[in-house]
>>> print(open('query20.json').read())   # JSON, C-alpha atoms
[["chain", "number", "residue", "atom", "x", "y", "z"],
["X", 14, "MET", "CA", -16.08, -9.98, -22.20],
["X", 15, "LYS", "CA", -13.55, -12.41, -20.85],
["X", 16, "GLY", "CA", -9.77, -12.68, -20.87],
["X", 17, "THR", "CA", -6.98, -14.42, -18.98],
["X", 18, "TYR", "CA", -3.85, -12.61, -17.84],
["X", 19, "ARG", "CA", -0.63, -13.42, -16.02],
["X", 20, "ILE", "CA", 0.25, -10.74, -13.46],
["X", 21, "ALA", "CA", 2.88, -11.16, -10.71],
["X", 22, "GLU", "CA", 3.08, -14.93, -11.20],
["X", 23, "ARG", "CA", -0.68, -15.39, -10.96],
["X", 24, "THR", "CA", -3.06, -16.33, -13.73],
["X", 25, "ILE", "CA", -6.24, -14.26, -13.48],
["X", 26, "GLU", "CA", -9.41, -14.60, -15.48],
["X", 27, "ILE", "CA", -11.22, -11.27, -15.85],
["X", 28, "THR", "CA", -14.86, -11.08, -16.90],
["X", 29, "SER", "CA", -15.81, -7.49, -17.58],
["X", 30, "VAL", "CA", -18.82, -5.48, -18.69],
["X", 31, "TYR", "CA", -16.74, -3.41, -21.15],
["X", 32, "ASP", "CA", -13.89, -4.32, -23.48],
["X", 33, "ARG", "CA", -11.68, -1.41, -22.39],
["X", 34, "VAL", "CA", -10.13, -3.21, -19.39],
["X", 35, "GLN", "CA", -9.38, -6.24, -21.57],
["X", 36, "GLN", "CA", -7.51, -3.95, -23.98],
["X", 37, "TYR", "CA", -5.79, -2.18, -21.08],
["X", 38, "CYS", "CA", -4.37, -5.49, -19.84],
["X", 39, "ARG", "CA", -3.52, -6.89, -23.30],
["X", 40, "ASP", "CA", 0.27, -6.98, -22.76],
["X", 41, "TYR", "CA", -0.34, -9.47, -19.94],
["X", 42, "ARG", "CA", -2.58, -11.89, -21.87],
["X", 43, "TYR", "CA", -1.93, -15.53, -21.09],
["X", 44, "GLU", "CA", -3.29, -18.97, -21.84],
["X", 45, "GLY", "CA", -3.66, -21.08, -18.73],
["X", 46, "VAL", "CA", -5.78, -22.26, -15.85],
["X", 47, "PRO", "CA", -6.62, -19.28, -13.63],
["X", 48, "ASP", "CA", -5.45, -19.10, -10.02],
["X", 49, "PHE", "CA", -8.49, -16.92, -9.42],
["X", 50, "ARG", "CA", -11.34, -15.30, -11.31],
["X", 51, "ILE", "CA", -12.66, -11.75, -11.21],
["X", 52, "SER", "CA", -16.08, -10.86, -12.50],
["X", 53, "ILE", "CA", -17.20, -7.22, -12.60],
["X", 54, "THR", "CA", -20.81, -6.10, -12.58],
["X", 55, "GLN", "CA", -22.42, -2.70, -13.08],
["X", 56, "GLU", "CA", -22.84, -2.62, -9.29],
["X", 57, "ASP", "CA", -19.04, -2.85, -8.85],
["X", 58, "ILE", "CA", -18.61, 0.03, -11.28],
["X", 59, "ASP", "CA", -21.16, 2.13, -9.38],
["X", 60, "CYS", "CA", -19.32, 1.36, -6.12],
["X", 61, "GLU", "CA", -16.06, 2.48, -7.71],
["X", 62, "ARG", "CA", -17.70, 5.77, -8.73],
["X", 63, "LYS", "CA", -18.91, 6.36, -5.16],
["X", 64, "ARG", "CA", -15.46, 5.57, -3.81],
["X", 65, "SER", "CA", -13.83, 7.97, -6.27],
["X", 66, "GLU", "CA", -16.30, 10.69, -5.33],
["X", 67, "LYS", "CA", -15.39, 10.23, -1.68],
["X", 68, "GLU", "CA", -11.63, 10.16, -2.24],
["X", 69, "GLN", "CA", -11.33, 13.04, -4.72],
["X", 70, "THR", "CA", -13.73, 15.76, -3.70],
["X", 71, "ASN", "CA", -11.98, 18.38, -5.87],
["X", 72, "VAL", "CA", -12.22, 16.39, -9.11],
["X", 73, "PRO", "CA", -15.38, 16.26, -11.25],
["X", 74, "VAL", "CA", -15.84, 12.52, -10.82],
["X", 75, "ILE", "CA", -19.04, 12.63, -12.82],
["X", 76, "ASN", "CA", -16.83, 12.72, -15.93],
["X", 77, "TYR", "CA", -15.28, 9.33, -15.19],
["X", 78, "SER", "CA", -16.62, 6.84, -17.70],
["X", 79, "ASP", "CA", -17.93, 3.44, -16.69],
["X", 80, "PRO", "CA", -15.20, 1.63, -18.69],
["X", 81, "TYR", "CA", -12.52, 3.65, -16.84],
["X", 82, "LEU", "CA", -14.11, 2.94, -13.46],
["X", 83, "GLU", "CA", -14.24, -0.74, -14.41],
["X", 84, "GLU", "CA", -10.45, -0.66, -14.89],
["X", 85, "LEU", "CA", -10.10, 0.61, -11.32],
["X", 86, "ALA", "CA", -12.55, -1.98, -10.02],
["X", 87, "VAL", "CA", -10.57, -4.80, -11.65],
["X", 88, "TYR", "CA", -7.27, -3.73, -10.08],
["X", 89, "ARG", "CA", -8.95, -3.29, -6.71],
["X", 90, "ARG", "CA", -10.19, -6.87, -6.91],
["X", 91, "ILE", "CA", -6.74, -8.08, -7.92],
["X", 92, "ALA", "CA", -5.17, -6.15, -5.02],
["X", 93, "GLU", "CA", -7.70, -7.70, -2.61],
["X", 94, "LYS", "CA", -6.65, -11.21, -3.67],
["X", 95, "MET", "CA", -2.90, -10.77, -3.98],
["X", 96, "PRO", "CA", -1.95, -10.84, -0.26],
["X", 97, "TYR", "CA", -3.01, -14.52, -0.28],
["X", 98, "TYR", "CA", -0.16, -15.03, -2.77],
["X", 99, "ASP", "CA", 2.44, -13.14, -0.68],
["X", 100, "THR", "CA", 2.01, -10.10, -2.90],
["X", 101, "PHE", "CA", 0.78, -6.57, -2.24],
["X", 102, "LEU", "CA", 0.12, -3.45, -4.24],
["X", 103, "PHE", "CA", 2.42, -0.55, -3.48],
["X", 104, "HIS", "CA", 2.01, 3.03, -4.64],
["X", 105, "GLY", "CA", 5.35, 4.03, -6.10],
["X", 106, "SER", "CA", 7.53, 4.30, -9.16],
["X", 107, "ALA", "CA", 9.85, 1.31, -9.71],
["X", 108, "VAL", "CA", 12.98, 1.59, -11.85],
["X", 109, "SER", "CA", 15.36, -1.25, -12.65],
["X", 110, "VAL", "CA", 19.09, -0.63, -13.05],
["X", 111, "ASP", "CA", 21.53, -3.46, -13.73],
["X", 112, "GLY", "CA", 18.87, -6.01, -12.76],
["X", 113, "GLU", "CA", 17.98, -4.47, -9.40],
["X", 114, "ALA", "CA", 14.92, -2.34, -8.66],
["X", 115, "TYR", "CA", 14.64, 0.93, -6.78],
["X", 116, "ILE", "CA", 11.15, 1.97, -5.71],
["X", 117, "PHE", "CA", 10.40, 5.66, -5.14],
["X", 118, "THR", "CA", 7.40, 6.42, -3.01],
["X", 119, "ALA", "CA", 5.74, 9.62, -1.77],
["X", 120, "VAL", "CA", 2.35, 11.22, -1.53],
["X", 121, "SER", "CA", 0.80, 12.03, -4.89],
["X", 122, "GLY", "CA", 2.19, 15.15, -6.46],
["X", 123, "THR", "CA", 5.61, 15.02, -4.77],
["X", 124, "GLY", "CA", 7.38, 13.98, -7.94],
["X", 125, "LYS", "CA", 7.91, 10.20, -7.99],
["X", 126, "SER", "CA", 7.45, 10.01, -11.75],
["X", 127, "THR", "CA", 9.58, 13.10, -12.29],
["X", 128, "HIS", "CA", 12.38, 11.58, -10.25],
["X", 129, "ALA", "CA", 12.10, 8.29, -12.14],
["X", 130, "ARG", "CA", 12.37, 10.29, -15.38],
["X", 131, "LEU", "CA", 15.57, 11.93, -14.08],
["X", 132, "TRP", "CA", 17.01, 8.44, -13.53],
["X", 133, "ARG", "CA", 16.17, 7.51, -17.12],
["X", 134, "GLU", "CA", 17.81, 10.71, -18.35],
["X", 135, "LEU", "CA", 20.90, 10.09, -16.22],
["X", 136, "LEU", "CA", 21.32, 6.37, -16.83],
["X", 137, "LYS", "CA", 19.87, 6.18, -20.36],
["X", 138, "GLU", "CA", 19.10, 2.61, -21.46],
["X", 139, "LYS", "CA", 20.51, 1.19, -18.19],
["X", 140, "ALA", "CA", 17.34, 2.40, -16.44],
["X", 141, "VAL", "CA", 14.25, 0.36, -17.28],
["X", 142, "MET", "CA", 10.82, 1.26, -15.94],
["X", 143, "VAL", "CA", 9.14, -1.58, -14.11],
["X", 144, "ASN", "CA", 6.01, 0.41, -13.22],
["X", 145, "ASP", "CA", 5.49, 4.14, -12.75],
["X", 146, "ASP", "CA", 2.52, 4.05, -10.40],
["X", 147, "LYS", "CA", 1.17, 0.88, -8.80],
["X", 148, "PRO", "CA", 3.56, -2.08, -9.00],
["X", 149, "LEU", "CA", 2.98, -5.34, -7.17],
["X", 150, "ILE", "CA", 5.61, -6.53, -4.69],
["X", 151, "ARG", "CA", 5.95, -10.24, -3.95],
["X", 152, "ILE", "CA", 7.84, -11.48, -0.91],
["X", 153, "THR", "CA", 9.63, -14.80, -1.31],
["X", 154, "GLU", "CA", 11.76, -16.78, 1.15],
["X", 155, "SER", "CA", 14.84, -14.77, 0.32],
["X", 156, "ARG", "CA", 13.85, -11.74, -1.73],
["X", 157, "ALA", "CA", 11.36, -9.01, -2.50],
["X", 158, "LEU", "CA", 10.40, -8.92, -6.17],
["X", 159, "VAL", "CA", 8.66, -6.05, -7.94],
["X", 160, "TYR", "CA", 6.43, -6.75, -10.93],
["X", 161, "GLY", "CA", 5.24, -4.62, -13.79],
["X", 162, "THR", "CA", 1.46, -4.51, -14.14],
["X", 163, "PRO", "CA", -0.91, -2.99, -16.71],
["X", 164, "TYR", "CA", -1.67, -0.27, -14.14],
["X", 165, "ASN", "CA", 1.43, 1.83, -14.65],
["X", 166, "GLY", "CA", 0.35, 5.46, -14.38],
["X", 167, "LYS", "CA", -1.02, 8.11, -16.67],
["X", 168, "HIS", "CA", 1.97, 7.95, -19.02],
["X", 169, "HIS", "CA", 1.85, 4.14, -19.17],
["X", 170, "LEU", "CA", 5.47, 3.68, -18.24],
["X", 171, "GLY", "CA", 6.30, 0.13, -17.37],
["X", 172, "ASN", "CA", 7.14, -3.30, -18.62],
["X", 173, "ASN", "CA", 5.90, -6.82, -18.06],
["X", 174, "ILE", "CA", 8.99, -7.78, -16.05],
["X", 175, "CYS", "CA", 9.98, -8.91, -12.57],
["X", 176, "VAL", "CA", 13.03, -7.51, -10.78],
["X", 177, "PRO", "CA", 14.49, -8.07, -7.26],
["X", 178, "VAL", "CA", 14.05, -4.96, -5.11],
["X", 179, "LYS", "CA", 17.24, -3.40, -3.80],
["X", 180, "ALA", "CA", 15.82, -0.34, -2.07],
["X", 181, "VAL", "CA", 12.69, 1.63, -1.27],
["X", 182, "CYS", "CA", 13.24, 5.38, -1.23],
["X", 183, "ILE", "CA", 10.85, 7.87, 0.38],
["X", 184, "LEU", "CA", 10.86, 11.12, -1.57],
["X", 185, "GLU", "CA", 10.37, 14.60, -0.16],
["X", 186, "ARG", "CA", 10.71, 17.87, -1.95],
["X", 187, "SER", "CA", 13.76, 19.92, -1.00],
["X", 188, "GLU", "CA", 15.73, 22.79, -2.50],
["X", 189, "LYS", "CA", 18.97, 20.87, -2.05],
["X", 190, "ASN", "CA", 19.45, 17.19, -2.78],
["X", 191, "HIS", "CA", 20.32, 14.95, 0.16],
["X", 192, "ILE", "CA", 19.81, 11.31, 0.98],
["X", 193, "ARG", "CA", 20.32, 9.05, 3.99],
["X", 194, "GLN", "CA", 19.65, 5.43, 4.78],
["X", 195, "ILE", "CA", 16.86, 5.02, 7.33],
["X", 196, "THR", "CA", 15.66, 2.17, 9.48],
["X", 197, "PHE", "CA", 12.58, 0.12, 8.70],
["X", 198, "GLU", "CA", 10.95, 1.62, 11.80],
["X", 199, "GLU", "CA", 11.50, 5.09, 10.39],
["X", 200, "ALA", "CA", 10.02, 4.07, 7.04],
["X", 201, "TYR", "CA", 7.17, 2.02, 8.50],
["X", 202, "LEU", "CA", 4.34, 4.56, 8.63],
["X", 203, "LYS", "CA", 5.03, 5.71, 5.08],
["X", 204, "LEU", "CA", 5.13, 2.10, 3.85],
["X", 205, "LEU", "CA", 1.75, 1.47, 5.49],
["X", 206, "LYS", "CA", 0.29, 4.57, 3.91],
["X", 207, "GLN", "CA", 1.56, 3.69, 0.44],
["X", 208, "ALA", "CA", 0.48, 0.04, 0.47],
["X", 209, "TYR", "CA", -2.99, -0.93, -0.69],
["X", 210, "ARG", "CA", -5.14, -1.75, 2.33],
["X", 211, "PRO", "CA", -7.57, -4.57, 1.57],
["X", 212, "ALA", "CA", -11.16, -4.44, 2.82],
["X", 213, "ASP", "CA", -10.87, -8.08, 3.83],
["X", 214, "PRO", "CA", -9.36, -8.03, 7.37],
["X", 215, "ARG", "CA", -7.48, -11.29, 6.80],
["X", 216, "ALA", "CA", -5.88, -9.91, 3.62],
["X", 217, "MET", "CA", -5.08, -6.73, 5.58],
["X", 218, "GLU", "CA", -3.30, -8.79, 8.26],
["X", 219, "LYS", "CA", -1.34, -10.54, 5.53],
["X", 220, "THR", "CA", -0.40, -7.19, 3.97],
["X", 221, "LEU", "CA", 1.04, -6.01, 7.29],
["X", 222, "ASP", "CA", 2.99, -9.28, 7.59],
["X", 223, "LEU", "CA", 4.34, -8.81, 4.05],
["X", 224, "ILE", "CA", 5.48, -5.27, 4.89],
["X", 225, "ASP", "CA", 7.27, -6.66, 7.97],
["X", 226, "ARG", "CA", 8.97, -9.27, 5.79],
["X", 227, "LEU", "CA", 9.98, -6.59, 3.29],
["X", 228, "SER", "CA", 12.10, -5.07, 6.06],
["X", 229, "GLU", "CA", 14.53, -8.02, 6.05],
["X", 230, "ARG", "CA", 15.00, -7.97, 2.28],
["X", 231, "VAL", "CA", 15.54, -4.37, 1.17],
["X", 232, "LYS", "CA", 17.19, -1.15, 2.30],
["X", 233, "PHE", "CA", 15.26, 2.03, 3.01],
["X", 234, "TYR", "CA", 16.26, 5.61, 2.23],
["X", 235, "ARG", "CA", 14.85, 9.10, 2.64],
["X", 236, "LEU", "CA", 15.63, 11.47, -0.21],
["X", 237, "GLY", "CA", 15.12, 15.22, -0.17],
["X", 238, "CYS", "CA", 15.23, 16.25, -3.81],
["X", 239, "ASN", "CA", 14.59, 18.97, -6.36],
["X", 240, "MET", "CA", 13.86, 18.43, -10.04],
["X", 241, "ASP", "CA", 17.44, 18.75, -11.31],
["X", 242, "LYS", "CA", 19.42, 15.87, -12.77],
["X", 243, "GLU", "CA", 21.68, 16.11, -9.73],
["X", 244, "ALA", "CA", 18.81, 14.64, -7.68],
["X", 245, "ALA", "CA", 19.09, 11.38, -9.62],
["X", 246, "GLU", "CA", 22.89, 11.38, -9.24],
["X", 247, "THR", "CA", 22.60, 11.89, -5.47],
["X", 248, "ALA", "CA", 20.05, 9.08, -5.13],
["X", 249, "TYR", "CA", 21.71, 6.59, -7.46],
["X", 250, "ASN", "CA", 25.21, 7.06, -6.05],
["X", 251, "ALA", "CA", 23.95, 6.52, -2.49],
["X", 252, "MET", "CA", 21.75, 3.52, -3.18],
["X", 253, "LYS", "CA", 23.72, 1.54, -5.75],
["X", 254, "GLY", "CA", 26.05, 0.37, -2.98],
["F", 7, "MET", "CA", -17.41, -3.39, 23.31],
["F", 8, "LYS", "CA", -14.80, -4.77, 20.96],
["F", 9, "LEU", "CA", -12.30, -3.54, 18.35],
["F", 10, "ASN", "CA", -13.93, -3.44, 14.92],
["F", 11, "ARG", "CA", -12.61, -6.18, 12.62],
["F", 12, "ASN", "CA", -11.61, -3.62, 9.97],
["F", 13, "PHE", "CA", -8.90, -2.28, 12.27],
["F", 14, "ILE", "CA", -5.60, -4.08, 12.78],
["F", 15, "SER", "CA", -3.14, -3.31, 15.56],
["F", 16, "ARG", "CA", 0.63, -3.68, 15.58],
["F", 17, "ILE", "CA", 2.35, -3.37, 18.92],
["F", 18, "SER", "CA", 6.05, -3.15, 19.71],
["F", 19, "ASP", "CA", 7.85, -2.40, 22.97],
["F", 20, "ASP", "CA", 7.64, 1.37, 22.65],
["F", 21, "GLU", "CA", 5.01, 2.04, 20.01],
["F", 22, "SER", "CA", 1.51, 0.92, 19.08],
["F", 23, "ILE", "CA", -0.15, 1.42, 15.74],
["F", 24, "LEU", "CA", -3.77, 0.99, 14.72],
["F", 25, "VAL", "CA", -4.31, 0.67, 10.97],
["F", 26, "SER", "CA", -7.65, 0.82, 9.22],
["F", 27, "GLY", "CA", -8.30, -1.65, 6.43],
["F", 28, "GLY", "CA", -10.10, -0.78, 3.20],
["F", 29, "GLY", "CA", -13.41, -1.84, 4.74],
["F", 30, "ALA", "CA", -13.37, 0.99, 7.29],
["F", 31, "GLU", "CA", -14.85, 4.45, 6.75],
["F", 32, "PHE", "CA", -11.81, 5.95, 8.48],
["F", 33, "SER", "CA", -8.73, 5.80, 6.29],
["F", 34, "GLY", "CA", -5.66, 6.35, 8.35],
["F", 35, "ILE", "CA", -3.22, 5.24, 11.00],
["F", 36, "VAL", "CA", -3.33, 6.01, 14.72],
["F", 37, "LYS", "CA", -0.06, 5.94, 16.61],
["F", 38, "GLY", "CA", 0.19, 5.61, 20.35],
["F", 39, "ASN", "CA", 2.31, 4.52, 23.28],
["F", 40, "ARG", "CA", 2.53, 1.16, 25.04],
["F", 41, "THR", "CA", -0.60, 1.92, 27.14],
["F", 42, "PHE", "CA", -2.58, 2.49, 23.96],
["F", 43, "GLY", "CA", -1.32, -0.87, 22.69],
["F", 44, "VAL", "CA", -2.39, -2.71, 25.83],
["F", 45, "ILE", "CA", -5.90, -1.23, 25.54],
["F", 46, "LEU", "CA", -6.04, -2.33, 21.88],
["F", 47, "GLU", "CA", -4.96, -5.85, 22.86],
["F", 48, "LEU", "CA", -7.67, -6.01, 25.54],
["F", 49, "LEU", "CA", -10.25, -4.81, 23.01],
["F", 50, "LYS", "CA", -9.63, -7.82, 20.78],
["F", 51, "LYS", "CA", -12.09, -9.64, 23.07],
["F", 52, "GLU", "CA", -15.52, -8.38, 24.13],
["F", 53, "THR", "CA", -15.02, -6.18, 27.21],
["F", 54, "SER", "CA", -16.37, -3.13, 29.04],
["F", 55, "GLU", "CA", -14.87, 0.17, 30.12],
["F", 56, "ALA", "CA", -14.94, -1.00, 33.76],
["F", 57, "ASP", "CA", -13.13, -4.25, 32.86],
["F", 58, "LEU", "CA", -10.56, -2.34, 30.83],
["F", 59, "ILE", "CA", -9.84, -0.03, 33.79],
["F", 60, "SER", "CA", -9.55, -2.97, 36.12],
["F", 61, "ALA", "CA", -7.18, -4.85, 33.76],
["F", 62, "MET", "CA", -5.05, -1.75, 33.29],
["F", 63, "LYS", "CA", -4.81, -1.20, 37.04],
["F", 64, "GLY", "CA", -3.51, -4.76, 37.33],
["F", 65, "ARG", "CA", -0.70, -3.97, 34.90],
["F", 66, "PHE", "CA", 0.25, -0.36, 35.57],
["F", 67, "GLU", "CA", 0.79, 1.72, 38.65],
["F", 68, "ALA", "CA", -0.54, 5.23, 38.23],
["F", 69, "PRO", "CA", -1.81, 8.15, 40.34],
["F", 70, "GLU", "CA", -5.48, 8.02, 41.37],
["F", 71, "GLY", "CA", -7.80, 8.66, 38.42],
["F", 72, "MET", "CA", -5.14, 8.61, 35.71],
["F", 73, "ILE", "CA", -5.95, 5.16, 34.30],
["F", 74, "GLU", "CA", -9.66, 5.99, 34.18],
["F", 75, "LYS", "CA", -8.82, 9.18, 32.27],
["F", 76, "ASP", "CA", -6.46, 7.37, 29.83],
["F", 77, "VAL", "CA", -8.97, 4.62, 29.08],
["F", 78, "ALA", "CA", -11.76, 7.14, 28.51],
["F", 79, "ARG", "CA", -9.54, 9.18, 26.18],
["F", 80, "VAL", "CA", -8.53, 6.14, 24.09],
["F", 81, "LEU", "CA", -12.13, 4.86, 23.87],
["F", 82, "SER", "CA", -13.34, 8.29, 22.81],
["F", 83, "GLU", "CA", -10.74, 8.40, 20.01],
["F", 84, "LEU", "CA", -11.59, 4.86, 18.89],
["F", 85, "ARG", "CA", -15.30, 5.75, 18.82],
["F", 86, "ARG", "CA", -14.55, 8.84, 16.76],
["F", 87, "ILE", "CA", -12.87, 6.83, 14.01],
["F", 88, "GLY", "CA", -15.42, 4.01, 14.10],
["F", 89, "ALA", "CA", -13.00, 1.45, 15.50],
["F", 90, "LEU", "CA", -15.31, 0.23, 18.28],
["F", 91, "ASP", "CA", -18.22, -2.18, 17.96],
["F", 92, "GLU", "CA", -20.64, -1.54, 20.84]]
>>> encode(input="query20.json", output="structure tokens")
Amino acid sequence: MKGTYRIAERTIEITSVYDRVQQYCRDYRYEGVPDFRISITQEDIDCERKRSEKEQTNVPVINYSDPYLEELAVYRRIAEKMPYYDTFLFHGSAVSVDGEAYIFTAVSGTGKSTHARLWRELLKEKAVMVNDDKPLIRITESRALVYGTPYNGKHHLGNNICVPVKAVCILERSEKNHIRQITFEEAYLKLLKQAYRPADPRAMEKTLDLIDRLSERVKFYRLGCNMDKEAAETAYNAMKG
Amino acid sequence: MKLNRNFISRISDDESILVSGGGAEFSGIVKGNRTFGVILELLKKETSEADLISAMKGRFEAPEGMIEKDVARVLSELRRIGALDE
């Protein structure tokens, strides 16, 4: 199976073993000459299974289907290529408000998606999901831009849009809601942990450079939050500027 | 010995960070002081423990035996996470 897609300003031709990944990416279909091509084999799928087994020892990985693992393999290949286009994959939930994006990041299970939902409840149609799980961030001369991608979390919350990033907010659970602006240095380790780290050392170097360049283009915050609507009010009021 | 190509270092005035890329078995970040950073820099080229100690003694003044101990400790940690090619 073969299809061409436009993701984060790049045209990508995907050749897959199964149709599922082609369907998964259908909102990003595009006619054009590819910037790069990805071709998945059964071997890639088997590698993805081994990787998943290693990463998630408490999950019965044996139940993952080959078509699902192929989806993961495709995005991994995209993420490996993207640093060469000044773009990197970042684990977080990106919400756009009034044309500016706020990216919430934290270790899995902290409540990024829950917090993004609180923003949608608070701000109604003003809050538009860019991507609820693994957006791509592109660094340009003057800005950081976040892009929706087909890989937008288990609830498939996201849109095929591009929005300038205003802030990156590190979430931590807390009984009371509080937020403060932090320096890039303070955010750095968390940013490194939440960015996709390519296997290709040159792409890895580029990813670190892109994270450094992000520092000059966005603000960073640390938010301690609970699951009440007040958490969204606290965060939005502090970051909207 | 040399730093494995799957590990990338970032060094500032007061902090040094070693990050593993996706190609490494170890998945994590090691944080250290300036001394750690200097050792990482020296390990970007093929070297030996004796050469590292000698280079460090040229840069830092320290009580007898301390540099040897520091270098050995850093190398042991780098070996543990698979960051050294030997």
>>> atom_distance(input="query20.json", atom1="atom CA of X:Gly166", atom2="atom CA of X:Asp146")
4.7 Å
>>> closest_residue(input="query20.json", among="X:Ile27, X:Leu236, X:Met14, X:Ile116", to="X:Phe103", atoms="only C-alpha atoms")
X:Ile116
>>> closest_residue(input="query20.json", among="F:Asp57, F:Glu21, F:Glu67, F:Glu92", to="F:Val36", atoms="all atoms listed in the file")
F:Glu21
>>> closest_atom_pairs(input="query20.json", of="chain X", to="chain F", cutoff="9 Å", atoms="only C-alpha atoms", output="tab-separated table")
residue	atom	partner	partner_atom	distance
X:Leu202	CA	F:Ile35	CA	8.0
X:Leu205	CA	F:Val25	CA	8.2
X:Lys206	CA	F:Gly34	CA	7.6
X:Tyr209	CA	F:Gly28	CA	8.1
X:Arg210	CA	F:Gly28	CA	5.1
X:Pro211	CA	F:Gly28	CA	4.8
X:Ala212	CA	F:Gly28	CA	3.8
X:Asp213	CA	F:Gly29	CA	6.8
X:Pro214	CA	F:Asn12	CA	5.6
X:Met217	CA	F:Gly27	CA	6.1
X:Glu218	CA	F:Ile14	CA	6.9
X:Leu221	CA	F:Arg16	CA	8.6
>>> residues_around(input="query20.json", residues="X:Ala245", least_positions_apart="5", cutoff="12 Å", atoms="only C-alpha atoms", output="number ranges by chain")
X: 108, 115, 117, 125-137, 140, 182, 184, 190-192, 236-240, 250-253
>>> write_last_selection(input="query20.json", atoms="C-alpha atoms", output="PDB file, keeping the file's coordinate frame")
ATOM      1  CA  VAL X 108      12.980   1.590 -11.850  1.00  0.00           C
ATOM      2  CA  TYR X 115      14.640   0.930  -6.780  1.00  0.00           C
ATOM      3  CA  PHE X 117      10.400   5.660  -5.140  1.00  0.00           C
ATOM      4  CA  LYS X 125       7.910  10.200  -7.990  1.00  0.00           C
ATOM      5  CA  SER X 126       7.450  10.010 -11.750  1.00  0.00           C
ATOM      6  CA  THR X 127       9.580  13.100 -12.290  1.00  0.00           C
ATOM      7  CA  HIS X 128      12.380  11.580 -10.250  1.00  0.00           C
ATOM      8  CA  ALA X 129      12.100   8.290 -12.140  1.00  0.00           C
ATOM      9  CA  ARG X 130      12.370  10.290 -15.380  1.00  0.00           C
ATOM     10  CA  LEU X 131      15.570  11.930 -14.080  1.00  0.00           C
ATOM     11  CA  TRP X 132      17.010   8.440 -13.530  1.00  0.00           C
ATOM     12  CA  ARG X 133      16.170   7.510 -17.120  1.00  0.00           C
ATOM     13  CA  GLU X 134      17.810  10.710 -18.350  1.00  0.00           C
ATOM     14  CA  LEU X 135      20.900  10.090 -16.220  1.00  0.00           C
ATOM     15  CA  LEU X 136      21.320   6.370 -16.830  1.00  0.00           C
ATOM     16  CA  LYS X 137      19.870   6.180 -20.360  1.00  0.00           C
ATOM     17  CA  ALA X 140      17.340   2.400 -16.440  1.00  0.00           C
ATOM     18  CA  CYS X 182      13.240   5.380  -1.230  1.00  0.00           C
ATOM     19  CA  LEU X 184      10.860  11.120  -1.570  1.00  0.00           C
ATOM     20  CA  ASN X 190      19.450  17.190  -2.780  1.00  0.00           C
ATOM     21  CA  HIS X 191      20.320  14.950   0.160  1.00  0.00           C
ATOM     22  CA  ILE X 192      19.810  11.310   0.980  1.00  0.00           C
ATOM     23  CA  LEU X 236      15.630  11.470  -0.210  1.00  0.00           C
ATOM     24  CA  GLY X 237      15.120  15.220  -0.170  1.00  0.00           C
ATOM     25  CA  CYS X 238      15.230  16.250  -3.810  1.00  0.00           C
ATOM     26  CA  ASN X 239      14.590  18.970  -6.360  1.00  0.00           C
ATOM     27  CA  MET X 240      13.860  18.430 -10.040  1.00  0.00           C
ATOM     28  CA  ASN X 250      25.210   7.060  -6.050  1.00  0.00           C
ATOM     29  CA  ALA X 251      23.950   6.520  -2.490  1.00  0.00           C
ATOM     30  CA  MET X 252      21.750   3.520  -3.180  1.00  0.00           C
ATOM     31  CA  LYS X 253      23.720   1.540  -5.750  1.00  0.00           C
TER      32      LYS X 253
END
>>> residues_around(input="query20.json", residues="X:Arg151", least_positions_apart="6", cutoff="9 Å", atoms="only C-alpha atoms", output="list in words")
Ala21, Met95, Pro96, Tyr98, Asp99, Thr100, Phe101, Leu102, Ala157, Leu158, Val159, Tyr160 and Leu223 of chain X
>>> residues_around(input="query20.json", residues="stretch 68-85 of chain F", least_positions_apart="3", cutoff="8 Å", atoms="all atoms listed in the file", output="list in words")
Phe42, Ile45, Glu55, Leu58, Ile59, Met62, Lys63, Gly88, Ala89 and Leu90 of chain F
>>> residues_around(input="query20.json", residues="X:Gly161", least_positions_apart="3", cutoff="9 Å", atoms="only C-alpha atoms", output="PDB file with C-alpha atoms, in the coordinates of the input")
ATOM      1  CA  ILE X  20       0.250 -10.740 -13.460  1.00  0.00           C
ATOM      2  CA  ALA X  21       2.880 -11.160 -10.710  1.00  0.00           C
ATOM      3  CA  ALA X 107       9.850   1.310  -9.710  1.00  0.00           C
ATOM      4  CA  MET X 142      10.820   1.260 -15.940  1.00  0.00           C
ATOM      5  CA  VAL X 143       9.140  -1.580 -14.110  1.00  0.00           C
ATOM      6  CA  ASN X 144       6.010   0.410 -13.220  1.00  0.00           C
ATOM      7  CA  ASP X 145       5.490   4.140 -12.750  1.00  0.00           C
ATOM      8  CA  LYS X 147       1.170   0.880  -8.800  1.00  0.00           C
ATOM      9  CA  PRO X 148       3.560  -2.080  -9.000  1.00  0.00           C
ATOM     10  CA  LEU X 149       2.980  -5.340  -7.170  1.00  0.00           C
ATOM     11  CA  TYR X 164      -1.670  -0.270 -14.140  1.00  0.00           C
ATOM     12  CA  ASN X 165       1.430   1.830 -14.650  1.00  0.00           C
ATOM     13  CA  GLY X 171       6.300   0.130 -17.370  1.00  0.00           C
ATOM     14  CA  ASN X 172       7.140  -3.300 -18.620  1.00  0.00           C
ATOM     15  CA  ASN X 173       5.900  -6.820 -18.060  1.00  0.00           C
ATOM     16  CA  ILE X 174       8.990  -7.780 -16.050  1.00  0.00           C
ATOM     17  CA  CYS X 175       9.980  -8.910 -12.570  1.00  0.00           C
ATOM     18  CA  VAL X 176      13.030  -7.510 -10.780  1.00  0.00           C
TER      19      VAL X 176
END
>>> atom_distance(input="query20.json", atom1="atom CA of X:Glu83", atom2="atom CA of X:Gly105")
21.8 Å
>>> atom_distance(input="query20.json", atom1="atom CA of F:Ser60", atom2="atom CA of F:Thr41")
13.6 Å
